[in-house]
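> My questions all concern the structure below.
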Amino acid sequence: RVMKISSLQFRALSVAILCAIAPVSPAQTTATTDPVGFVTVALAANSDSYVFIPFKRTPVYAGAASAAISANAIPVSGTPFTDSQFVYVAVTQPNHYYVFLNSGPKAGSYYSVTGNATNSVSIDANGDDLSAVIVAGTNFQIIPYDTLGTIFPVGKGVDASAGNGVGARQTEVLIPDNATAGTDLALPVSYYYNSNVTAPGAGWRKAGVSGVLANDDILYPDQFFVVRNKAASAGNTLTFTGTVQMATLSTPVGTNAVSVNQDNAVALPIAANLNLAESKIWESGAFLGSASHGVGSRGDQILVYDNSITGRDKGADFSYYYYTGTTAPGPGWRKAGVSGTVADTDVIVKPGFGLVIRKKSTGPVLTSIWSVKPPYVP
């Protein structure tokens with residue numbers, strides 16, 4: 001059975017859903033594939049554009065664990081793999097892979113692949129105890145990460161730079177900092193596309209490491225990135241194509257230091273608009289409510305960056321909090337500065353938006369999981 005989406009609505013965006021039936025791998029448990037589609041996003045001149053990847057790349061394997069995970073290796077039936085086929089090798093095997101969990105208590109989570117045998121795949125558990133999470137029958141997919149080279153092939157969608165110097169860079173791709181404690185964090189990692197064909201050749205470079213191509217550097221599915229066009233740019237467009245994620249999605253939000261508020265740059269690869277009520281972040285327990293409307297007494301906040309409001313190094317364009325008090329019109333989402341109106345239907349996830357969850361510290365370092373089912377998933 002082909003899974004279909006009744007409607008994918010993007011405001012001022014074009015979306016096409018093309019359904020197909022094809023096997024993912026010989027060991028796949030079903031012949032049905034998820035829908036695929038495309039989205040085009042405008043990247044304004046002389047501005048920062050907040051971008052997330054609304055699709056996944058086509059899975060190379062879909063199946064179930066044949067037994068519980070052991071030593072971070074997930075066993076599968078038969079011998080569907082060749083040894084080390086998921087191990088990155090520059091040029092000859094340029095993909096990095098992750099395991100995405102489709103079922104179980106951590107459905108929607110993903111883990112980087114570190115290696116594989118013919119009948120198992122090994123992952124980086126990232127500190128998680130998965131012994132009771134991945135057991136016999138747990139469904140999962142193996143998916144290639146998107147990279148600078150797959151999202152911006154041959155520099156498509158950006159203005160190329162003729163040199164490595166800061167002044168020569170025309171478009172930069174900036175990666176948020178989710179490791180440092182605090183709020184209003186800088187964008188510490190910068191990439192640019194160098195069109196110079198001299199060694200190591202035309203391609204993506206990481207600032208400070210100009211002698212190495214960075215085409216295969218990963219863009220993670222649950223984090224946005226920022227495309228910064230310089231003043232000389234006329235503006236560009238970026239077209240995403242890929243497979244629609246037809247599953248629950250999860251991303252961690254938390255704090256990094258004791259008694260320090262924390263900004264979490266997050267994204268959900270959802271191919272549709274998502275409003276505050278649909279986000280379920282309050283219901284998930286991953287979001288601290290606010291008993292009053294005062295700025296100083298607010299709990300967690302959602303900061304939204306809207307690409308239709310241009311600028312570089314700008315602050316958030318909108319801020320939201322969940323009011324738990326009883327003053328009319330009662331509990332619900334509020335937009336900062338509009339405390340008398342419930343904002344449950346305000347959209348916070350769509351192409352052209354960046355999203356930061358500002359967690360208010362309650363003392364100890366804590367991490368919660370925000371899980372949400374896309375509105376088009378049955």
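Each chain in the structure tokens gets a letter, A, B, ..., in the order shown, and its residues are numbered from 1; ligands are numbered from 1 in order too.
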From a DSSP pass on the backbone, collect the residues of stretch 101-221 of chain A flagged as strand (DSSP E or B) and hand them back as a PyMOL selection string.
chain A and resi 101+110-117+120-123+139-144+146-147+161+171-175+189-194+203-206+209-213+218-219
> I'd like the contact shell of A:Ala117 - 7 Å cut-off, only C-alpha atoms, skipping same-chain residues fewer than 6 positions apart - returned as a PDB file with N, CA and C atoms, in the first residue's frame.

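Written file, part25.pdb:
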```pdb
ATOM      1  N   PHE A  81      24.104  -7.122   4.602  1.00  0.00           N
ATOM      2  CA  PHE A  81      25.124  -6.103   4.398  1.00  0.00           C
ATOM      3  C   PHE A  81      26.439  -6.730   3.962  1.00  0.00           C
ATOM      4  N   THR A  82      27.307  -5.902   3.417  1.00  0.00           N
ATOM      5  CA  THR A  82      28.704  -6.275   3.244  1.00  0.00           C
ATOM      6  C   THR A  82      29.503  -5.585   4.339  1.00  0.00           C
ATOM      7  N   ASP A  83      30.579  -6.203   4.773  1.00  0.00           N
ATOM      8  CA  ASP A  83      31.368  -5.648   5.860  1.00  0.00           C
ATOM      9  C   ASP A  83      31.762  -4.208   5.571  1.00  0.00           C
ATOM     10  N   SER A  84      31.497  -3.321   6.546  1.00  0.00           N
ATOM     11  CA  SER A  84      31.930  -1.919   6.523  1.00  0.00           C
ATOM     12  C   SER A  84      31.333  -1.109   5.376  1.00  0.00           C
TER      13      SER A  84
END
```
> Give the answer as one residue: which of A:Ser284, A:Asn126, A:Asn229, A:Gln245 has the shortest atom-to-atom distance to A:Asp313, using only C-alpha atoms?
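That would be A:Asn229, the residue with the smallest distance to A:Asp313.
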> As a ChimeraX atom specification, please: the residues near A:Ala199 (cut-off 10 Å, only C-alpha atoms, same-chain neighbours under 6 positions excluded).
/A:211-213
> Mind checking which residues fall within 10 Å of A:Pro252, counting only C-alpha atoms, ignoring those fewer than 3 positions away in the same chain, and posting them as a count of residues only?
10
> What is the distance, in Å and to one decimal place, between atom CA of A:Thr243 and atom CA of A:Pro54?
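Those two atoms sit 8.9 Å apart.
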> Can you pull out the residues contacting stretch 270-275 of chain A? Cut-off 10 Å, using only C-alpha atoms, and skip same-chain residues under 5 positions away; I want them as a ChimeraX atom specification.
/A:7-11,15,36-39,52-56,243-249,280,343-351,372-376
> Just how far from atom CA of A:Phe318 is atom CA of A:Tyr305, in Å to one decimal?
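Interatomic distance, atom CA of A:Tyr305 to atom CA of A:Phe318: 6.9 Å.
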> Between A:Leu268, A:Trp333, A:Thr180, A:Gly254, which residue has the minimum interatomic distance to A:Gly285, considering only C-alpha atoms?
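Result for the nearest residue to A:Gly285: A:Gly254.
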> Which residues are close to A:Ala42, i.e. within 10 Å by only C-alpha atoms, leaving aside same-chain residues fewer than 4 positions away? Reply as a ChimeraX atom specification.
/A:13,49,51,157,235-239,307-308,351-352
> With distances taken over only C-alpha atoms, which residue among A:Gly149, A:Pro94, A:Gly332, A:Gly78 lies nearest A:Ser290?
A:Gly332
